[in-house]
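The next block holds one structure in the form of structure tokens; read it before the comments.
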Amino acid sequence: MTALPIRAGRRPGQLRELTGRVGWGIVAWVVAIAFFLPVLWMVITAFKPESAAETWPPKFVFSPTLAEFRLVFSGMGPYLTHSVIATVGSTILVLLLGIPAAYALSVHPIKRWRDGLFFFISTKMLPIVAAIGPLYVIALHAHLLDTIWLLIILYTAMNLPLAIWMIRSFMLEVPSELLEAARLDGAGRIREIASVILPIVTPGLVSTALICVIFAWNELFLAINLTVTNAATMPMFLISSVPQEGLYLAHLSAAATVASVPVILVGWIAQRSLVRGLAMGAIK
Amino acid sequence: MAQVKYISASRVFAKDAPPAVDALDLDIDDGEFMVLVGPSGSGKTTALRMLAGLEPLDGGRVEIGERDVTFVPPKDRDIAMVFQNYALYPQKSVAENMGFALKMQGVRKEDRARRVREAARLLDLDDQLLDRKPKQLSGGQRQRVAMGRAIVREPKVFLMDEPLSNLDAKLRVQTRAQIAELQRRLGVTTVYVTHDQVEAMTMGHRVAVLSGGKLQQCASPRELYDNPVNQFVAGFIGSPAMNLQTVPIVDGGVQIAGTTMPLPPSVRTAAAESGLRELVLGIRPEHLHLADSAGELAGEVLLVEELGADALLHVRLAGGGQPVVARTEGRKPPARGQNVTFHVQPDDIFAFHPSTGARLAG
């Protein structure tokens with residue numbers, strides 16, 4: 001507006017600011033590319049024939065082939081099904097259990113809610129390796145070994161603490177005046193959750209679900225120790241792509257590329273709804 | 001419609017702290033517009049929330065329409081509240097916001113829509129706004145939707161918690177008049193909380209002044225202004241505030257600005273009975289009349305605030321002490337640094353006890 005003379009006086013500072021911005025921009029790009037390069041390499045390798053995949057220096061000119069993908073698609077059917085069931089099933093369960101739990105720890109906190117909250121997160125402090133023995137024995141006696149139910153239960157247990165913490169933090173952001181308005185309007189607990197709280201925390205639920213999906217989808221340790229064939233998941237498929245001998249890099253890359261697509265897809269969908277929902281501007 | 005009664009109602013937040021609301025006794029008549037006013041921390045909002053049922057009572061009781069509602073849940077008290085931030089449900093449309101309470105009561109859809117439209121018309125909300133989300137409305141429209149949500153319920157009592165504080169100054173003045181007019185038309189008992197004494201004076205049939213959780217005085221705006229019962233009410237009501245100065249008592253009156261100002265006999269008697277050697281003298285800015293050189297209170301102008309219709313003079317009186325504020329005509333006010341003298345009518349003098357703050361009969 002009227003800042004012209006001041007601006008003229010600030011020119012050296014502005015220049016410094018500009019170079020600073022460019023500098024940080026370069027740093028950001030370098031870091032981003034450093035993270036992205038292995039992924040790019042994986043995707044490129046997936047399109048190479050097995051013989052071209054392991055050359056050094058790597059070839060950038062080659063005749064792309066879908067042969068490895070064909071091979072992957074022909075073998076991954078059951079693995080994909082198991083992964084989808086375990087991931088979707090556990091994520092739904094996590095939300096069903098996590099929403100009421102988070103509500104009881106935030107909006108109308110129960111007695112000793114701090115202890116409850118700490119207990120949930122403390123279950124994540126034990127390394128899972130330490131629990132695998134007992135888990136195996138329990139699964140064995142419950143006749144759940146190598147079943148999809150076992151994975152659904154374990155993935156739910158694995159993700160629930162984090163989900164409760166996340167959903168709770170979103171619920172805490174619901175303005176108390178809104179909840180009071182709902183009480184005055186005659187909404188009971190169920191109504192309060194369904195009509196007032198959930199619509200507001202939906203973006204938070206989406207991001208919580210996204211994280212649960214990613215963790216469940218990529219989980220390997222429990223799956224490899226407690227399942228064999230009837231519930232083997234995509235990460236196990238990746239491992240099975242590595243043969244005892246011979247070339248496998250292109251095949252593994254193709255399998256890994258296919259395995260990451262669903263997570264990327266879910267993330268992309270979730271991101272759109274996150275951006276759409278995050279503006280909670282109507283309260284002020 | 002109903003009358004509202006607070007009967008030594010108390011609320012204590014922490015054991016060691018003084019009560020937020022201390023044994024409040026207040027009768028609000030059927031159809032009355034009662035304003036609770038006070039500085040922050042005076043307990044006015046807590047008192048309102050106790051009536052709403054959002055805050056439990058630690059003593060006493062609250063009645064609405066001669067029914068003891070102390071332990072009745074908020075939804076069964078037949079009240080509607082307008083919140084400071086409006087508290088509109090962001091994911092619901094305007095119509096859904098306004099009709100939510102009716103939906104909870106099980107009112108049929110057509111009736112709901114009809115009552116929402118009626119309320120919207122009453123508030124000059126266009127029909128096309130009814131389908132919008134709160135986010136898409138201006139501040140003034142949101143405020144009216146919040147009002148509409150209360151009106152739709154046809155409650156016995158309206159509760160309003162600083163409903164105008166989020167509006168800009170011009171809109172606030174407009175809406176102030178609209179709410180007062182609407183309340184008069186609907187005739188619903190209304191309890192209105194504000195920290196703004198102008199709102200309190202212009203809107204309330206009666207105004208209850210609170211401070212430190214205690215009711216100081218409850219009276220009509222005119223009565224509060226003309227007859228404040230204590231120093232707090234005198235200083236709180238009126239803008240600019242009443243000039244309050246602690247002055248020594250001398251023979252024939254009080255010592256101020258180097259002269260002796262006579263006191264009404266009743267004040268003198270009251271002061272003598274309490275054995276006071278000084279008292280707090282209160283003079284409203286508009287009661288300091290500029291006089292020719294023959295005036296009683298002399299002083300020097302420190303600052304002139306021009307308000308258009310009139311001007312405020314900040315004057316240091318001859319004897320020193322706190323500067324006083326005087327309201328004078330806007331045309332040709334004295335300049336800064338000029339010496340002025342004021343004349344004060346003896347009837348316009350207020351006197352308060354220096355330690356208790358109570359009014360000395362006058």
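Following the order of the structure tokens, first chain is A, next is B, and so on, with residues numbered from 1 inside each chain and ligands from 1 in the order they appear.
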
- Item | Residues of stretch 132-358 of chain B in alpha helix (DSSP H), written as a ChimeraX atom specification | /B:139-152,169-186,197-203,221-226,231-236,265-273

| query | If we count only C-alpha atoms, what is near B:Phe352 at a cut-off of 7 Å, once residues fewer than 6 positions away on the same chain are taken out, given as a ChimeraX atom specification? | reply | /B:230-231,279-281,358-360

Just C-alpha atoms for this one: save the residues we selected as an mmCIF file, in the first residue's frame.
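The result, stored in result-v3.cif:
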```
data_model
loop_
_atom_site.group_PDB
_atom_site.id
_atom_site.type_symbol
_atom_site.label_atom_id
_atom_site.label_comp_id
_atom_site.auth_asym_id
_atom_site.auth_seq_id
_atom_site.Cartn_x
_atom_site.Cartn_y
_atom_site.Cartn_z
ATOM 1 C CA ASN B 230 -22.157 1.002 45.833
ATOM 2 C CA GLN B 231 -18.926 2.194 44.355
ATOM 3 C CA LEU B 279 -14.773 9.224 51.662
ATOM 4 C CA VAL B 280 -14.892 8.359 47.972
ATOM 5 C CA LEU B 281 -16.465 11.154 45.992
ATOM 6 C CA ALA B 358 -21.242 1.191 50.087
ATOM 7 C CA ARG B 359 -23.152 4.279 49.120
ATOM 8 C CA LEU B 360 -23.401 6.920 51.830
#
```

Would you list which chain B residues are within 10 Å of chain A using only C-alpha atoms, as a PyMOL selection string?
chain B and resi 52-54+73-92+98-105+133-137+139+142+149-150+153+166

Mind dumping the selected residues with N, CA and C atoms as a compact mmCIF listing (two decimals), in the first residue's frame?
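Below is the file out32.txt, written as the result:
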```txt
# COMPACT_ATOMS: atom_id res chain seq x y z
N ALA B 52 -28.97 -22.95 32.57
CA ALA B 52 -29.08 -23.83 31.40
C ALA B 52 -28.95 -25.29 31.78
N GLY B 53 -28.34 -25.56 32.94
CA GLY B 53 -28.12 -26.94 33.33
C GLY B 53 -26.77 -27.45 32.86
N LEU B 54 -25.93 -26.57 32.35
CA LEU B 54 -24.61 -26.97 31.89
C LEU B 54 -23.61 -26.93 33.04
N PRO B 73 -32.14 -32.30 33.63
CA PRO B 73 -31.15 -32.17 32.55
C PRO B 73 -31.53 -31.03 31.59
N PRO B 74 -30.50 -30.46 30.93
CA PRO B 74 -30.72 -29.26 30.12
C PRO B 74 -31.87 -29.39 29.12
N LYS B 75 -31.98 -30.56 28.49
CA LYS B 75 -32.97 -30.67 27.41
C LYS B 75 -34.40 -30.64 27.94
N ASP B 76 -34.57 -30.94 29.21
CA ASP B 76 -35.92 -30.97 29.77
C ASP B 76 -36.28 -29.69 30.50
N ARG B 77 -35.45 -28.66 30.38
CA ARG B 77 -35.73 -27.42 31.10
C ARG B 77 -36.56 -26.45 30.27
N ASP B 78 -36.79 -26.82 29.00
CA ASP B 78 -37.57 -25.98 28.11
C ASP B 78 -36.93 -24.60 27.95
N ILE B 79 -35.66 -24.61 27.63
CA ILE B 79 -34.90 -23.38 27.43
C ILE B 79 -34.18 -23.48 26.10
N ALA B 80 -33.71 -22.37 25.59
CA ALA B 80 -32.87 -22.38 24.39
C ALA B 80 -31.77 -21.38 24.61
N MET B 81 -30.58 -21.72 24.13
CA MET B 81 -29.42 -20.89 24.43
C MET B 81 -28.75 -20.44 23.14
N VAL B 82 -28.31 -19.19 23.15
CA VAL B 82 -27.50 -18.67 22.04
C VAL B 82 -26.09 -18.50 22.57
N PHE B 83 -25.14 -19.18 21.92
CA PHE B 83 -23.77 -19.17 22.43
C PHE B 83 -22.97 -18.03 21.82
N GLN B 84 -21.90 -17.68 22.52
CA GLN B 84 -21.05 -16.59 22.06
C GLN B 84 -20.48 -16.87 20.67
N ASN B 85 -20.02 -18.11 20.46
CA ASN B 85 -19.48 -18.48 19.14
C ASN B 85 -20.53 -19.14 18.27
N TYR B 86 -21.77 -19.00 18.66
CA TYR B 86 -22.94 -19.51 17.93
C TYR B 86 -23.07 -21.03 18.01
N ALA B 87 -21.92 -21.76 18.02
CA ALA B 87 -21.95 -23.21 18.16
C ALA B 87 -22.91 -23.85 17.16
N LEU B 88 -22.83 -23.41 15.92
CA LEU B 88 -23.63 -24.05 14.87
C LEU B 88 -22.93 -25.34 14.47
N TYR B 89 -23.74 -26.37 14.14
CA TYR B 89 -23.15 -27.63 13.69
C TYR B 89 -22.59 -27.42 12.28
N PRO B 90 -21.27 -27.51 12.11
CA PRO B 90 -20.67 -27.10 10.83
C PRO B 90 -21.09 -27.99 9.66
N GLN B 91 -21.42 -29.24 9.93
CA GLN B 91 -21.72 -30.14 8.82
C GLN B 91 -23.21 -30.15 8.46
N LYS B 92 -24.01 -29.42 9.22
CA LYS B 92 -25.45 -29.39 8.93
C LYS B 92 -25.80 -28.09 8.23
N MET B 98 -31.28 -25.35 12.60
CA MET B 98 -32.40 -24.76 13.31
C MET B 98 -33.41 -25.82 13.74
N GLY B 99 -33.51 -26.90 12.96
CA GLY B 99 -34.52 -27.90 13.25
C GLY B 99 -34.04 -29.06 14.11
N PHE B 100 -32.75 -29.03 14.50
CA PHE B 100 -32.18 -30.19 15.18
C PHE B 100 -32.90 -30.51 16.49
N ALA B 101 -33.17 -29.47 17.26
CA ALA B 101 -33.83 -29.70 18.55
C ALA B 101 -35.23 -30.29 18.34
N LEU B 102 -35.93 -29.78 17.32
CA LEU B 102 -37.27 -30.30 17.04
C LEU B 102 -37.19 -31.77 16.62
N LYS B 103 -36.17 -32.08 15.82
CA LYS B 103 -35.97 -33.45 15.39
C LYS B 103 -35.77 -34.35 16.61
N MET B 104 -34.98 -33.87 17.57
CA MET B 104 -34.74 -34.63 18.78
C MET B 104 -36.03 -34.82 19.57
N GLN B 105 -36.94 -33.84 19.47
CA GLN B 105 -38.20 -33.94 20.19
C GLN B 105 -39.21 -34.82 19.45
N LYS B 133 -24.41 -24.15 4.29
CA LYS B 133 -23.70 -24.56 5.50
C LYS B 133 -23.25 -23.30 6.25
N PRO B 134 -23.11 -23.40 7.57
CA PRO B 134 -22.70 -22.21 8.35
C PRO B 134 -21.45 -21.53 7.80
N LYS B 135 -20.52 -22.35 7.29
CA LYS B 135 -19.27 -21.81 6.75
C LYS B 135 -19.52 -20.77 5.66
N GLN B 136 -20.63 -20.96 4.91
CA GLN B 136 -20.89 -20.09 3.77
C GLN B 136 -21.62 -18.81 4.16
N LEU B 137 -21.85 -18.61 5.45
CA LEU B 137 -22.61 -17.44 5.88
C LEU B 137 -21.67 -16.37 6.44
N GLY B 139 -20.82 -13.37 9.29
CA GLY B 139 -20.92 -13.39 10.74
C GLY B 139 -22.31 -13.01 11.22
N ARG B 142 -24.75 -15.85 10.57
CA ARG B 142 -24.56 -16.94 11.54
C ARG B 142 -25.23 -16.59 12.86
N ARG B 149 -32.21 -20.81 15.80
CA ARG B 149 -32.20 -22.13 16.41
C ARG B 149 -32.88 -22.07 17.78
N ALA B 150 -32.71 -20.94 18.47
CA ALA B 150 -33.35 -20.79 19.78
C ALA B 150 -34.85 -20.53 19.62
N ARG B 153 -37.52 -23.41 18.81
CA ARG B 153 -37.94 -24.33 19.88
C ARG B 153 -39.12 -23.80 20.67
N ASN B 166 -19.03 -11.31 18.73
CA ASN B 166 -18.24 -11.62 17.55
C ASN B 166 -18.62 -10.79 16.34
```

Discussion item. Report, in Å to a single decimal, how far apart atom CA of B:Glu223 and atom CA of B:Glu63 are.
Written reply: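 Atom CA of B:Glu223 lies at a distance of 26.2 Å from atom CA of B:Glu63.
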
### Task
Could you give me, as a list in words, the residues within 10 Å of B:Ala257, counting only C-alpha atoms and dropping anything in the same chain fewer than 6 positions from it?
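Counting only C-alpha atoms, the residues come to Val247, Glu296, Leu297, Ala298, Gly299, Arg316, Leu317, Ala318, Gly319, Gly320 and Gly321 of chain B.
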
May I have the selected residues written with N, CA and C atoms, as an mmCIF file, in the first residue's frame?
```
data_model
loop_
_atom_site.group_PDB
_atom_site.id
_atom_site.type_symbol
_atom_site.label_atom_id
_atom_site.label_comp_id
_atom_site.auth_asym_id
_atom_site.auth_seq_id
_atom_site.Cartn_x
_atom_site.Cartn_y
_atom_site.Cartn_z
ATOM 1 N N VAL B 247 -11.310 11.548 49.045
ATOM 2 C CA VAL B 247 -11.043 12.919 49.504
ATOM 3 C C VAL B 247 -11.249 13.011 51.015
ATOM 4 N N GLU B 296 -16.089 26.079 40.884
ATOM 5 C CA GLU B 296 -15.543 25.601 42.153
ATOM 6 C C GLU B 296 -14.269 24.790 41.969
ATOM 7 N N LEU B 297 -14.250 23.926 40.922
ATOM 8 C CA LEU B 297 -13.109 23.034 40.774
ATOM 9 C C LEU B 297 -12.218 23.529 39.642
ATOM 10 N N ALA B 298 -10.993 23.897 39.972
ATOM 11 C CA ALA B 298 -10.078 24.394 38.953
ATOM 12 C C ALA B 298 -9.109 23.295 38.557
ATOM 13 N N GLY B 299 -8.677 23.343 37.315
ATOM 14 C CA GLY B 299 -7.718 22.344 36.866
ATOM 15 C C GLY B 299 -7.165 22.682 35.503
ATOM 16 N N ARG B 316 -6.459 17.570 35.111
ATOM 17 C CA ARG B 316 -5.856 17.376 36.432
ATOM 18 C C ARG B 316 -6.316 18.517 37.323
ATOM 19 N N LEU B 317 -6.976 18.150 38.410
ATOM 20 C CA LEU B 317 -7.505 19.179 39.310
ATOM 21 C C LEU B 317 -6.365 19.831 40.092
ATOM 22 N N ALA B 318 -6.645 20.998 40.594
ATOM 23 C CA ALA B 318 -5.608 21.816 41.226
ATOM 24 C C ALA B 318 -4.903 21.074 42.360
ATOM 25 N N GLY B 319 -5.656 20.309 43.136
ATOM 26 C CA GLY B 319 -5.053 19.646 44.285
ATOM 27 C C GLY B 319 -4.239 18.423 43.934
ATOM 28 N N GLY B 320 -4.136 18.085 42.654
ATOM 29 C CA GLY B 320 -3.422 16.882 42.245
ATOM 30 C C GLY B 320 -4.337 15.677 42.237
ATOM 31 N N GLY B 321 -3.761 14.500 42.364
ATOM 32 C CA GLY B 321 -4.555 13.270 42.352
ATOM 33 C C GLY B 321 -4.853 12.811 40.936
#
```

Can you tell me which residues surround B:Val254 at a distance of at most 9 Å, considering only C-alpha atoms, apart from same-chain residues fewer than 4 positions away, and format the answer as a list in words?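 My reading of the contact set: Val247, Pro248, Ile249, Val250, Thr259, Thr260, Met261, Pro262, Leu263, Glu278, Leu279 and Leu281 of chain B.
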
**Message:** For A:Val94, find every residue with an atom within 12 Å (counting only C-alpha atoms), except residues of its own chain fewer than 4 positions away, and show them as a PyMOL selection string.
**Reply:** chain A and resi 86-90+98-102+152-167+205+208-213+216

### Message
To one decimal place in Å, what is the distance between atom CA of A:Leu145 and atom CA of A:Val261?
### Response
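About the pair atom CA of A:Leu145 and atom CA of A:Val261: they are 28.4 Å apart.
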
>> Nearest residue to B:Asp126 out of B:Ala95, B:Leu36, B:Val62, B:Ile179, using only C-alpha atoms?
In response: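 So, comparing all the options, the nearest one is B:Ala95.
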
Contact residues around B:Thr46 with only C-alpha atoms at 9 Å, ignoring same-chain residues under 5 positions, as a JSON list (two decimals) with C-alpha atoms, in the first residue's frame:
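Contents of around_6.json, as written:
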```json
[["chain", "number", "residue", "atom", "x", "y", "z"],
["B", 11, "ARG", "CA", -21.25, -22.67, 42.26],
["B", 20, "ALA", "CA", -17.74, -18.41, 41.10],
["B", 21, "VAL", "CA", -21.34, -17.63, 41.96],
["B", 51, "LEU", "CA", -29.78, -21.91, 34.62],
["B", 54, "LEU", "CA", -24.61, -26.97, 31.89],
["B", 55, "GLU", "CA", -23.15, -26.21, 35.30],
["B", 213, "GLY", "CA", -19.68, -13.92, 42.08]]
```

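Straight-line separation from atom CA of B:Gly59 to atom CA of B:Ala9: 5.5 Å.
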
Applying 9 Å and only C-alpha atoms, which residues near stretch 75-81 of chain A remain after dropping the ones on its own chain fewer than 6 positions away? List them as JSON, numbers by chain. {"A": [229, 230, 231, 232, 233, 234, 235, 236, 237, 255, 259]}

Hey, can you spit out that residue selection with C-alpha atoms as a PDB file, in the first residue's frame?
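What landed in again.pdb:
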```pdb
ATOM      1  CA  THR A 229      -0.670 -70.567   2.944  1.00  0.00           C
ATOM      2  CA  ASN A 230      -4.269 -70.043   4.037  1.00  0.00           C
ATOM      3  CA  ALA A 231      -3.672 -66.483   5.167  1.00  0.00           C
ATOM      4  CA  ALA A 232      -0.368 -65.520   3.549  1.00  0.00           C
ATOM      5  CA  THR A 233      -0.288 -61.791   2.692  1.00  0.00           C
ATOM      6  CA  MET A 234       1.334 -59.601   0.049  1.00  0.00           C
ATOM      7  CA  PRO A 235       4.590 -59.002   1.944  1.00  0.00           C
ATOM      8  CA  MET A 236       4.982 -62.775   2.092  1.00  0.00           C
ATOM      9  CA  PHE A 237       4.379 -62.890  -1.622  1.00  0.00           C
ATOM     10  CA  ALA A 255       5.967 -57.617  -7.288  1.00  0.00           C
ATOM     11  CA  ALA A 259       2.186 -54.360  -3.784  1.00  0.00           C
TER      12      ALA A 259
END
```

**Item:** Proximity to B:Ala241 - best of B:Tyr225, B:Tyr6, B:Phe342, B:Tyr192, only C-alpha atoms
**Value:**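 Distance minimum relative to B:Ala241 lands on B:Tyr225.
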